[in-house]
Structure formats: C-alpha cells, structure tokens
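Chemist: Below is the file query-v8.txt, with compact mmCIF, C-alpha atoms.
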```txt
# COMPACT_ATOMS: atom_id res chain seq x y z
CA MET A 19 19.66 -142.76 125.60
CA SER A 20 22.63 -144.96 126.38
CA GLY A 21 24.96 -145.21 129.33
CA LYS A 22 24.32 -144.32 132.92
CA ASP A 23 21.20 -144.43 135.02
CA THR A 24 19.04 -141.34 134.62
CA GLY A 25 17.13 -141.59 137.90
CA HIS A 26 17.48 -139.19 140.80
CA GLY A 27 20.79 -139.48 142.61
CA THR A 28 20.68 -137.25 145.66
CA GLU A 29 21.45 -140.22 147.89
CA ARG A 30 25.07 -139.59 146.87
CA LEU A 31 24.98 -135.91 147.83
CA VAL A 32 25.38 -136.42 151.56
CA LEU A 33 27.84 -134.17 153.37
CA PRO A 34 27.46 -133.93 157.16
CA GLY A 35 26.46 -130.46 158.26
CA VAL A 36 25.61 -129.45 154.69
CA PHE A 37 23.18 -131.91 153.11
CA THR A 38 21.30 -135.03 153.93
CA ALA A 39 20.03 -136.88 150.87
CA ASP A 40 16.55 -135.48 151.53
CA GLN A 41 17.87 -131.92 151.85
CA ALA A 42 19.77 -132.29 148.57
CA ALA A 43 16.59 -133.54 146.92
CA VAL A 44 14.65 -130.53 148.25
CA THR A 45 17.27 -128.17 146.82
CA ALA A 46 17.25 -129.90 143.43
CA ALA A 47 13.45 -129.82 143.38
CA ALA A 48 13.50 -126.10 144.20
CA ILE A 49 15.78 -125.42 141.21
CA ALA A 50 13.48 -127.55 139.04
CA GLY A 51 10.55 -125.50 140.32
CA ILE A 52 12.13 -122.34 138.90
CA GLN A 53 12.59 -123.90 135.45
CA ARG A 54 10.06 -122.87 132.82
CA ALA A 55 8.17 -125.40 130.71
CA ASP A 56 10.42 -124.55 127.75
CA GLY A 57 13.56 -125.48 129.71
CA ALA A 58 14.76 -121.98 130.62
CA ILE A 59 16.08 -121.47 134.16
CA PRO A 60 15.96 -117.80 135.23
CA TRP A 61 17.55 -116.62 138.46
CA PHE A 62 14.08 -116.90 139.94
CA ARG A 63 10.66 -116.52 138.36
CA GLY A 64 10.13 -112.93 137.30
CA HIS A 65 13.84 -112.17 137.18
CA HIS A 66 16.14 -112.52 134.19
CA LEU A 67 18.00 -115.50 132.74
CA ASP A 68 21.62 -115.21 131.76
CA PRO A 69 23.20 -118.14 129.87
CA TRP A 70 26.03 -118.80 132.37
CA ASP A 71 23.79 -119.11 135.41
CA HIS A 72 21.23 -121.06 133.39
CA ILE A 73 23.97 -123.61 132.62
CA GLU A 74 25.18 -123.67 136.24
CA ALA A 75 21.67 -124.59 137.36
CA ALA A 76 21.41 -127.26 134.66
CA MET A 77 24.69 -128.80 135.80
CA ALA A 78 23.33 -128.93 139.34
CA LEU A 79 20.23 -130.77 138.10
CA ASP A 80 22.49 -133.34 136.44
CA ALA A 81 24.53 -133.70 139.63
CA ALA A 82 21.26 -134.42 141.45
CA GLY A 83 20.24 -136.98 138.83
CA ASP A 84 17.50 -134.94 137.14
CA HIS A 85 18.89 -135.47 133.65
CA ARG A 86 15.61 -134.88 131.83
CA ARG A 87 15.31 -131.33 133.12
CA ALA A 88 19.01 -130.66 132.56
CA ALA A 89 18.68 -131.79 128.93
CA ALA A 90 15.70 -129.46 128.50
CA ALA A 91 17.88 -126.56 129.65
CA TYR A 92 20.50 -127.34 126.99
CA HIS A 93 17.85 -127.79 124.32
CA TRP A 94 16.61 -124.28 125.19
CA LEU A 95 20.10 -123.00 124.39
CA ALA A 96 20.16 -124.95 121.11
CA ARG A 97 16.81 -123.53 120.01
CA HIS A 98 17.67 -119.93 120.82
CA GLN A 99 21.32 -119.66 119.79
CA LEU A 100 21.83 -116.61 117.60
CA PRO A 101 23.24 -116.92 114.07
CA ASP A 102 26.72 -115.81 115.17
CA GLY A 103 26.90 -118.59 117.81
CA SER A 104 26.10 -116.38 120.80
CA TRP A 105 23.23 -115.70 123.17
CA TYR A 106 22.12 -112.39 124.56
CA ALA A 107 23.34 -111.52 128.02
CA ALA A 108 19.88 -111.47 129.61
CA TYR A 109 16.29 -112.51 128.91
CA ALA A 110 13.28 -111.42 130.95
CA ASP A 111 12.11 -114.40 133.02
CA GLY A 112 13.91 -116.69 130.56
CA ASP A 113 11.63 -115.68 127.69
CA ALA A 114 13.76 -115.89 124.54
CA ALA A 115 11.47 -113.38 122.82
CA ARG A 116 12.22 -110.74 125.47
CA PRO A 117 15.96 -110.06 125.69
CA THR A 118 16.71 -107.29 128.18
CA ASP A 119 20.43 -107.00 127.38
CA ARG A 120 21.38 -107.51 123.74
CA GLY A 121 25.06 -107.50 124.53
CA LYS A 122 26.85 -110.84 124.15
CA GLU A 123 29.26 -111.85 126.91
CA THR A 124 32.02 -114.26 125.98
CA ASN A 125 32.17 -116.24 129.21
CA PHE A 126 28.38 -116.68 129.12
CA CYS A 127 28.60 -118.13 125.62
CA ALA A 128 31.66 -120.34 126.15
CA TYR A 129 30.20 -122.07 129.22
CA VAL A 130 27.88 -124.22 127.12
CA ALA A 131 30.89 -126.46 126.41
CA ALA A 132 31.37 -127.18 130.11
CA GLY A 133 27.68 -127.91 130.56
CA VAL A 134 27.40 -130.18 127.52
CA LEU A 135 30.46 -132.21 128.56
CA HIS A 136 29.11 -132.47 132.11
CA HIS A 137 25.73 -133.73 130.89
CA TYR A 138 27.34 -136.24 128.55
CA LEU A 139 29.62 -137.59 131.29
CA ALA A 140 26.66 -137.83 133.66
CA THR A 141 24.42 -139.69 131.21
CA GLY A 142 26.50 -141.25 128.44
CA ASP A 143 23.93 -139.84 126.01
CA GLU A 144 25.68 -139.98 122.63
CA GLU A 145 22.71 -138.57 120.73
CA PHE A 146 22.71 -135.51 122.99
CA ARG A 147 26.44 -135.01 122.52
CA GLU A 148 26.15 -135.11 118.73
CA ARG A 149 23.11 -132.85 118.70
CA MET A 150 24.85 -130.25 120.84
CA TRP A 151 28.20 -130.32 119.03
CA PRO A 152 27.21 -127.68 116.42
CA VAL A 153 25.98 -125.48 119.27
CA VAL A 154 29.29 -125.78 121.12
CA TYR A 155 31.28 -125.28 117.93
CA ALA A 156 29.46 -122.09 116.98
CA ALA A 157 29.71 -120.70 120.51
CA VAL A 158 33.47 -121.31 120.70
CA GLU A 159 34.02 -119.70 117.31
CA PHE A 160 32.09 -116.62 118.47
CA VAL A 161 34.18 -116.38 121.64
CA LEU A 162 37.53 -116.78 119.91
CA GLU A 163 36.76 -113.90 117.55
CA LEU A 164 37.35 -111.67 120.59
CA GLN A 165 40.74 -113.15 121.54
CA ARG A 166 43.44 -110.50 121.67
CA GLU A 167 47.13 -110.45 120.89
CA GLY A 168 48.16 -111.38 124.43
CA GLY A 169 45.83 -114.39 124.58
CA GLU A 170 43.16 -112.76 126.74
CA ILE A 171 39.58 -112.64 125.45
CA GLY A 172 37.50 -109.49 125.41
CA TRP A 173 34.56 -109.73 127.75
CA ARG A 174 31.67 -108.61 125.57
CA ARG A 175 30.35 -107.62 122.18
CA ASP A 176 27.94 -104.70 122.42
CA PRO A 177 24.53 -104.62 120.70
CA ASP A 178 25.99 -102.55 117.84
CA GLY A 179 28.50 -105.33 117.14
CA SER A 180 31.55 -103.57 118.54
CA ALA A 181 33.88 -105.42 120.89
CA CYS A 182 34.32 -103.85 124.31
CA ASP A 183 37.81 -102.95 125.39
CA GLY A 184 39.14 -104.99 128.25
CA ALA A 185 39.27 -108.58 129.42
CA LEU A 186 38.14 -109.93 132.78
CA LEU A 187 40.25 -112.36 134.77
CA THR A 188 37.26 -114.21 136.20
CA GLY A 189 35.49 -114.41 132.85
CA CYS A 190 38.63 -115.55 131.02
CA SER A 191 39.29 -118.20 133.67
CA SER A 192 35.80 -119.58 133.07
CA ILE A 193 36.38 -119.43 129.31
CA HIS A 194 39.64 -121.35 129.74
CA GLN A 195 37.80 -124.14 131.55
CA ALA A 196 35.10 -124.14 128.87
CA LEU A 197 37.64 -124.30 126.03
CA ARG A 198 39.25 -127.35 127.62
CA CYS A 199 35.81 -128.96 127.79
CA ALA A 200 35.21 -128.05 124.14
CA LEU A 201 38.51 -129.70 123.19
CA ALA A 202 37.44 -132.82 125.12
CA LEU A 203 34.19 -132.89 123.14
CA ALA A 204 36.18 -132.54 119.91
CA GLU A 205 38.37 -135.47 120.94
CA LEU A 206 35.29 -137.60 121.58
CA ARG A 207 34.27 -136.94 117.96
CA ASP A 208 37.82 -137.52 116.66
CA ASP A 209 37.54 -134.02 115.23
CA PRO A 210 40.78 -132.13 116.04
CA GLN A 211 40.56 -128.36 116.49
CA PRO A 212 44.15 -127.08 116.33
CA ASP A 213 43.07 -123.43 116.37
CA TRP A 214 41.21 -124.03 119.63
CA GLU A 215 44.27 -125.75 121.09
CA LEU A 216 46.44 -122.75 120.30
CA ALA A 217 43.83 -120.33 121.62
CA THR A 218 43.45 -122.30 124.85
CA GLY A 219 47.20 -122.38 125.36
CA ARG A 220 47.53 -118.65 124.77
CA LEU A 221 44.70 -117.88 127.17
CA GLY A 222 46.13 -120.18 129.85
CA HIS A 223 49.52 -118.51 129.50
CA ALA A 224 47.98 -115.07 129.97
CA LEU A 225 46.06 -116.23 133.04
CA ARG A 226 49.15 -117.73 134.66
CA HIS A 227 51.78 -115.16 133.76
CA HIS A 228 50.27 -111.85 132.67
CA PRO A 229 47.81 -110.28 135.12
CA GLU A 230 48.38 -106.97 133.36
CA CYS A 231 46.29 -108.26 130.47
CA PHE A 232 43.15 -108.03 132.57
CA LEU A 233 41.08 -105.21 134.01
CA ASP A 234 41.79 -104.63 137.68
CA LYS A 235 38.92 -106.20 139.61
CA SER A 236 41.16 -107.40 142.44
CA SER A 237 38.75 -106.28 145.15
CA TYR A 238 36.35 -109.01 144.00
CA SER A 239 36.84 -112.45 145.48
CA MET A 240 36.08 -114.14 142.17
CA ASP A 241 39.28 -112.69 140.70
CA TRP A 242 41.10 -114.26 143.65
CA TYR A 243 39.87 -117.85 143.45
CA TYR A 244 38.62 -118.26 139.88
CA PRO A 245 41.96 -119.05 138.23
CA VAL A 246 42.16 -121.95 140.70
CA LEU A 247 38.53 -123.04 140.41
CA ALA A 248 38.66 -123.05 136.61
CA GLY A 249 41.96 -124.94 136.45
CA ALA A 250 44.44 -122.37 135.15
CA LEU A 251 46.33 -122.61 138.44
CA ARG A 252 46.56 -125.83 140.39
CA GLY A 253 49.01 -127.60 142.68
CA ALA A 254 51.40 -125.48 144.73
CA ALA A 255 50.64 -122.34 142.70
CA GLY A 256 46.92 -122.74 143.25
CA ARG A 257 47.30 -123.36 146.97
CA ALA A 258 49.59 -120.35 147.31
CA ARG A 259 47.06 -118.12 145.56
CA ILE A 260 44.31 -119.24 147.92
CA GLU A 261 46.43 -118.67 151.02
CA ASP A 262 47.63 -115.26 149.87
CA ARG A 263 44.31 -113.46 150.27
CA TRP A 264 42.38 -115.81 152.56
CA PRO A 265 42.25 -113.32 155.49
CA GLU A 266 41.06 -110.58 153.15
CA PHE A 267 38.04 -112.40 151.75
CA VAL A 268 37.06 -115.14 154.21
CA VAL A 269 34.91 -114.44 157.24
CA GLU A 270 35.32 -117.50 159.43
CA GLY A 271 32.01 -119.09 160.30
CA LEU A 272 29.99 -117.00 157.83
CA GLY A 273 31.39 -117.37 154.31
CA VAL A 274 33.24 -115.45 151.62
CA ARG A 275 33.00 -111.76 150.89
CA CYS A 276 31.96 -110.85 147.38
CA VAL A 277 34.02 -107.64 147.58
CA SER A 278 36.89 -107.19 150.01
CA THR A 279 35.70 -103.74 151.10
CA ASN A 280 32.11 -104.70 151.95
CA PRO A 281 30.79 -106.58 155.02
CA TRP A 282 28.76 -108.91 152.83
CA VAL A 283 29.22 -112.68 152.42
CA THR A 284 27.54 -114.50 149.58
CA GLY A 285 26.46 -118.08 149.02
CA GLY A 286 27.63 -118.35 145.42
CA GLU A 287 31.17 -117.13 146.07
CA SER A 288 31.41 -119.33 149.16
CA ALA A 289 30.35 -122.47 147.27
CA GLU A 290 32.72 -121.66 144.42
CA LEU A 291 35.61 -121.18 146.84
CA ALA A 292 34.73 -124.60 148.26
CA LEU A 293 35.06 -126.05 144.75
CA ALA A 294 38.43 -124.33 144.34
CA LEU A 295 39.62 -125.71 147.68
CA TRP A 296 38.50 -129.20 146.68
CA ALA A 297 40.34 -128.82 143.37
CA VAL A 298 43.66 -128.21 145.16
CA GLY A 299 43.14 -131.09 147.57
CA ASP A 300 41.81 -129.19 150.59
CA SER A 301 38.49 -131.01 150.98
CA GLU A 302 38.38 -130.45 154.73
CA ARG A 303 38.33 -126.68 154.45
CA ALA A 304 35.99 -126.92 151.47
CA ALA A 305 33.44 -128.77 153.58
CA SER A 306 33.85 -126.24 156.38
CA VAL A 307 33.06 -123.33 154.07
CA LEU A 308 29.91 -125.11 152.88
CA ARG A 309 28.83 -125.71 156.48
CA TRP A 310 29.29 -122.03 157.29
CA ILE A 311 26.72 -120.96 154.69
CA GLY A 312 24.02 -123.12 156.22
CA HIS A 313 22.70 -119.84 157.66
CA LEU A 314 21.76 -118.84 154.09
CA ARG A 315 19.62 -121.92 153.47
CA ALA A 316 15.89 -121.20 153.30
CA PRO A 317 13.14 -123.71 154.19
CA ASP A 318 12.38 -124.26 150.49
CA GLY A 319 15.92 -125.58 149.89
CA LEU A 320 17.15 -122.53 148.02
CA TYR A 321 19.82 -120.19 149.38
CA TRP A 322 19.67 -116.47 150.05
CA THR A 323 22.15 -114.61 147.87
CA GLY A 324 24.00 -112.98 150.76
CA TYR A 325 24.22 -111.70 154.30
CA VAL A 326 25.37 -108.24 155.46
CA TYR A 327 26.96 -109.23 158.73
CA ALA A 328 27.52 -105.64 159.88
CA ASP A 329 23.74 -105.22 159.90
CA GLU A 330 22.87 -108.85 160.67
CA ALA A 331 20.61 -108.76 157.61
CA ILE A 332 19.88 -111.02 154.66
CA TRP A 333 20.43 -108.98 151.49
CA PRO A 334 19.21 -108.92 148.81
CA ARG A 335 15.92 -110.65 149.54
CA GLU A 336 16.28 -113.12 146.72
CA ARG A 337 17.02 -116.83 146.37
CA THR A 338 18.54 -117.77 143.03
CA ALA A 339 18.71 -121.05 141.16
CA TRP A 340 22.40 -120.53 140.52
CA THR A 341 23.32 -120.02 144.17
CA ALA A 342 21.62 -123.31 145.06
CA GLY A 343 23.22 -124.86 141.99
CA SER A 344 26.71 -123.86 143.07
CA VAL A 345 26.17 -125.50 146.46
CA LEU A 346 24.93 -128.71 144.84
CA LEU A 347 27.93 -128.81 142.49
CA ALA A 348 30.39 -128.24 145.32
CA VAL A 349 28.83 -131.06 147.34
CA ALA A 350 28.83 -133.28 144.24
CA ALA A 351 32.56 -132.75 143.79
CA LEU A 352 33.29 -133.40 147.44
CA THR A 353 31.21 -136.59 147.46
CA GLY A 354 32.83 -138.10 144.38
CA ASP A 355 30.42 -137.40 141.52
CA GLU A 356 32.41 -138.44 138.46
CA ALA A 357 31.03 -135.97 135.93
CA THR A 358 31.40 -132.99 138.26
CA GLY A 359 34.86 -134.12 139.27
CA ALA A 360 35.95 -134.45 135.65
CA VAL A 361 34.73 -130.99 134.61
CA PHE A 362 35.95 -129.10 137.69
CA GLY A 363 38.92 -131.29 138.59
CA GLY A 364 40.16 -131.12 135.02
CA ALA A 365 42.82 -133.80 135.30
CA GLY A 366 41.69 -135.50 132.09
CA LEU A 367 40.87 -132.39 130.08
CA PRO A 368 43.11 -131.21 127.23
CA ARG A 369 45.29 -128.26 128.18
CA GLY A 370 45.84 -126.70 124.78
CA LEU A 371 49.22 -125.73 123.33
CA GLU A 372 51.14 -123.12 125.29
CA ALA A 373 54.19 -121.44 123.76
CA GLU A 374 57.46 -122.54 125.30
CA GLU A 375 58.76 -118.98 125.53
CA CYS A 376 56.92 -115.99 126.89
CA CYS A 377 55.85 -113.47 124.31
CA ASP A 378 57.46 -110.03 124.35
CA ARG A 379 55.02 -107.45 125.71
CA SER A 380 57.33 -104.48 125.74
```
Any chance you could give the structure as structure tokens?

Modeler:
Amino acid sequence: MSGKDTGHGTERLVLPGVFTADQAAVTAAAIAGIQRADGAIPWFRGHHLDPWDHIEAAMALDAAGDHRRAAAAYHWLARHQLPDGSWYAAYADGDAARPTDRGKETNFCAYVAAGVLHHYLATGDEEFRERMWPVVYAAVEFVLELQREGGEIGWRRDPDGSACDGALLTGCSSIHQALRCALALAELRDDPQPDWELATGRLGHALRHHPECFLDKSSYSMDWYYPVLAGALRGAAGRARIEDRWPEFVVEGLGVRCVSTNPWVTGGESAELALALWAVGDSERAASVLRWIGHLRAPDGLYWTGYVYADEAIWPRERTAWTAGSVLLAVAALTGDEATGAVFGGAGLPRGLEAEECCDRS
C-alpha cells in the first residue's frame, strides 16, 4: 500500500458536544464489531445487509482510520458482484449465499463508486483502486441501462429482470454523486468515459430542473435535502432549498423528521442533513443538528434509529451500523477530513456534460 498513514485517526474527529476522540473511537469500534469476518457489514448482526448502507459504514471506518476493515468491506462487494454488475438489494445477516431480496436497486449499486473513491483518497492505495475499477465499471454500466429519456434513472430491476416504472429523487441524487465519483476514478486511470459524462449531465439536469420526472415522495425529508447533500444543488439554490422546508422537517433540539407527517426524528436523516448544511457552508447549524441527536447515542457508541417524541419513546429498538456511520461521516466533513470533504463537498469532481438547452417534454 502506498500513500497515507493507515492507522486509526479518531483524534481528528473531535466536535464539541458531539464527539471526543475517545467517543469517536468507540463508535468506530462498534461499527467494526458488527462487521462479519468476510467483510460484510449488515445493519446489525441478525438483520440484513444492503449494499448502500454497507458502503456507508465502510466509508465511516475509513474516516475513522480503520482502512483495513474498510478495504475488507469493498473486497466483499468485489467477490459477490453479480454477472450483470449489480448486487441484490438485501442479504440475510450479510451472508452472500442468502439473498432475501433479489431485486437490484440502482442507487445501491452505483454507490460503490463513491466508496471506492473515498477509500482511495483516504489511503492512496493504487493497487486497491485498480483492483476495484472493473467492479465500479460494471456497476455503472448496470445502472445506466435503466436511464430514461428525461435523464432520470429507474430505481430498480425486479427479480424477473424487468425494470420498475418510476425514478426516485433521493436515489437519483445519490446516483448522481456516485457517477461523478466514477468519472473521477476514470480520470485517475486516464480512461475517458464520454457516455458516462453525458449520462451524468442528463441526470443532473433532471434533478435541477424537472421534478416531474420523479415519483412524488415529497413528504420524506430525504427528498428535501438529498439533492443538496449529493451535490446536484449547491450555492444559493442549495441554501434556498434547505430554508424552504426547514420548519416542516426540523424539530429544534431533537433532530430531523423522516416523514413530515409523523412525530419521529431519526439519527440517519439528521446526520445527513448536517452533511448537506456543511456542503452549503452552514457548518454552525450542521454542528447544532449533530449535537441535538446526542439523545440517540447509546453507551456502546452506536445510535438508536429514531425517537417518537409524541410518545417520548425510542423506536425502533435497533442500532444500525449505517446510522453511526452517517454521524461519523458528518463529523469527518466538519472537522476537515480530506477524503470525506472531497466526496461530499464535490468541488473537484467532474460534473458531466449537461445540454445547453432544456429538452422539450411536451
């Protein structure tokens, strides 16, 4: 391995009221404790693994300096990628021989590009980057098979091989970020991918200008902040989007609602909103949101999924690797971790080629 130090780095993950270095280390160790010997990271032991949340947890391990375990998570993906470049949507306890949902979700598959770039930037490991390139390439090709005329990407291929109708704004925002990371990996290899550039530009255009392309999930907070978090909207447009529905989704002092109609705040959505706030330059509010969800932190360093404030009750009674991972990544961005800042800040990522004129959708 070449490049950067691969020792533990939680001494950098210090954010007053959120983490001390020791608390960050406990959280990272708790995520590592969920990981199986083969590298798989399920939500928690006995629950399922989905590829997106598996990657989110691996990225958190890298942010905490546990590069060996993060690499093992990516090698699990490499070993179990399906011939068409995808992964199944869910595996029982992370056991690749026991898929529980044989559908294939596009945002789950695309996210490997973001994780691989993050690991490479964290470690400088050229051998890893080259080994994972065919995995990223095949995954992107699978995803782009489901791109539609308007630029949006269908959310899933069913077990019978048919593509589901409909595209999801949150999922497509995540795919857009992943495609930009894939293009960055292609640039590192001096291996241009003009089709990917066009696809990324078309998807970005749809995200910015054509909400009608996507299924209406506007009651979910992820559809509110994800275009900002994933980089499709930034600057004044991103800040305006955050302000527009802040009172609807944010419960001051507690966190972010998952769904606008339910009295339930969740750790994952709160940490992701913090990342989105950081991305548009509002680090002060980002840190405040992370402090609010301290009430979800358990003694083992993991975080409860959510809190029903109308009933003053933790619900569900589960602590997931990905919730803890999202908190670690948000703190990493706020405290200047370069790899996390590059992947979620996006300033240096390729943007793809967007058409100068809007397509006619009449």

Chemist: What's the 9 Å shell around His98 (chain A), counting all atoms listed in the file, without same-chain residues fewer than 5 positions away, as a PDB file with C-alpha atoms, keeping the file's coordinate frame?

Modeler:
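The resulting part01.pdb:
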```
ATOM      1  CA  HIS A  93      17.850-127.790 124.320  1.00  0.00           C
ATOM      2  CA  TRP A 105      23.230-115.700 123.170  1.00  0.00           C
ATOM      3  CA  ALA A 114      13.760-115.890 124.540  1.00  0.00           C
TER       4      ALA A 114
END
```

Chemist: Using all atoms listed in the file, find the one residue out of A:Thr28, A:Gly366, A:Ala46, A:Tyr244 that sits nearest to Asp318 (chain A).

Modeler: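 Of the candidates, the smallest distance to Asp318 (chain A) is held by A:Ala46.
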
Chemist: Given the choices A:Pro210, A:Ile332, A:Phe267, A:Arg257, which gets closest to Ala297 (chain A) if the distance is worked out from only C-alpha atoms?

Modeler: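 Result for the nearest residue to Ala297 (chain A): A:Arg257.
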
Chemist: Find the residue from A:Arg337, A:Ala88, A:His66, A:Ile171 that sits nearest to Arg116 (chain A); use all atoms listed in the file when measuring.

Modeler: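 Looking only at the distances to Arg116 (chain A), the closest residue turns out to be A:His66.
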
Chemist: Give me the region 205-225 of chain A side of the contact with region 231-237 of chain A, cut-off 12 Å, one line per residue showing its nearest atom pair and distance in Å at one decimal, counting all atoms listed in the file, sorted by chain and residue number, as JSON lines.

Modeler:
```
{"residue": "A:Arg220", "atom": "CA", "partner": "A:Cys231", "partner_atom": "CA", "distance": 11.9}
{"residue": "A:Leu221", "atom": "CA", "partner": "A:Cys231", "partner_atom": "CA", "distance": 10.3}
{"residue": "A:Gly222", "atom": "CA", "partner": "A:Cys231", "partner_atom": "CA", "distance": 11.9}
{"residue": "A:His223", "atom": "CA", "partner": "A:Cys231", "partner_atom": "CA", "distance": 10.8}
{"residue": "A:Ala224", "atom": "CA", "partner": "A:Cys231", "partner_atom": "CA", "distance": 7.0}
{"residue": "A:Leu225", "atom": "CA", "partner": "A:Cys231", "partner_atom": "CA", "distance": 8.4}
```

Chemist: Would you list the residues near (44.1, -132.0, 133.6), meaning any protein, DNA or RNA residue with an atom at most 12 Å from that point in file coordinates, counting all atoms listed in the file, as a list in words?

Modeler: Gln195, Arg198, Cys199, Ala202, Ala248, Gly249, Ala250, Leu251, Arg252, Gly253, Ala297, Gly359, Ala360, Val361, Phe362, Gly363, Gly364, Ala365, Gly366, Leu367, Pro368, Arg369 and Gly370 of chain A

Chemist: Give me the residues near region 141-148 of chain A as an NGL selection string, where near means some atom within 12 Å (using all atoms listed in the file) and where sequence neighbours in that chain fewer than 4 positions away do not count.

Modeler: :A and (19-27 or 77 or 80-86 or 88-90 or 92-93 or 96 or 130-137 or 152-155 or 200 or 202-204 or 206-207 or 209 or 356-358)

Chemist: Point out the residue among A:Leu291, A:Ala217, A:Ala76, A:Ala58 with the least atom-to-atom distance to Ala108 (chain A), counting only C-alpha atoms.

Modeler: A:Ala58

Chemist: Taking all atoms listed in the file into account, name the residue in A:Cys182, A:Ala128, A:Leu33, A:Ala78 that is nearest to Leu201 (chain A).

Modeler: A:Ala128

Chemist: Determine the nearest neighbour of Met150 (chain A) from the options A:Gly168, A:Arg97, A:Glu74, A:Val268, counting all atoms listed in the file.

Modeler: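 Of A:Gly168, A:Arg97, A:Glu74, A:Val268, the one nearest Met150 (chain A), counting all atoms listed in the file, is A:Arg97.
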
Chemist: Could you please determine the separation between CA of Pro177 (chain A) and CA of Thr124 (chain A) in Å, to one decimal place?

Modeler: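 Taking CA of Pro177 (chain A) as the start and CA of Thr124 (chain A) as the end point, the length is 13.3 Å.
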
Chemist: Which value, in Å to one decimal, gives the distance between CA of Trp173 (chain A) and CA of Arg259 (chain A)?

Modeler: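 Interatomic distance here is 23.3 Å.
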
Chemist: Can you tell me how far CA of Ala42 (chain A) sits from CA of Leu347 (chain A), in Å to one decimal?

Modeler: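 Between CA of Ala42 (chain A) and CA of Leu347 (chain A) the gap works out to 10.8 Å.
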
Chemist: Which residues, written as a PyMOL selection string, have at least one atom at most 10 Å from Ala305 (chain A), with only C-alpha atoms counted and residues fewer than 6 positions away on the same chain left out?

Modeler: chain A and resi 33-36+289+292-293+295-296+348-349+352

Chemist: Give me the residues within 9 Å of Gly271 (chain A) as an mmCIF file with C-alpha atoms, in the coordinates of the input, counting all atoms listed in the file and dropping any in the same chain fewer than 2 places off.

Modeler:
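Done, and the output landed in part_4.cif:
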```cif
data_model
loop_
_atom_site.group_PDB
_atom_site.id
_atom_site.type_symbol
_atom_site.label_atom_id
_atom_site.label_comp_id
_atom_site.auth_asym_id
_atom_site.auth_seq_id
_atom_site.Cartn_x
_atom_site.Cartn_y
_atom_site.Cartn_z
ATOM 1 C CA VAL A 268 37.060 -115.140 154.210
ATOM 2 C CA VAL A 269 34.910 -114.440 157.240
ATOM 3 C CA GLY A 273 31.390 -117.370 154.310
ATOM 4 C CA SER A 306 33.850 -126.240 156.380
ATOM 5 C CA VAL A 307 33.060 -123.330 154.070
ATOM 6 C CA ARG A 309 28.830 -125.710 156.480
ATOM 7 C CA TRP A 310 29.290 -122.030 157.290
ATOM 8 C CA ILE A 311 26.720 -120.960 154.690
#
```

Chemist: With 6 Å on each side, where is the centre of the axis-aligned box around all listed atoms of region 219-223 of chain A, and how long are its edges in Å to one decimal, as AutoDock Vina command-line options?

Modeler:
```
--center_x 47.1 --center_y -120.1 --center_z 127.3 --size_x 16.8 --size_y 16.5 --size_z 17.1
```

Chemist: Find the spatial neighbours of Thr323 (chain A), counting all atoms listed in the file, within a cut-off of 12 Å - ignore same-chain residues fewer than 4 positions away - and output them as number ranges by chain.

Modeler: A: 61-62, 273-276, 282-289, 311, 313-316, 331-345
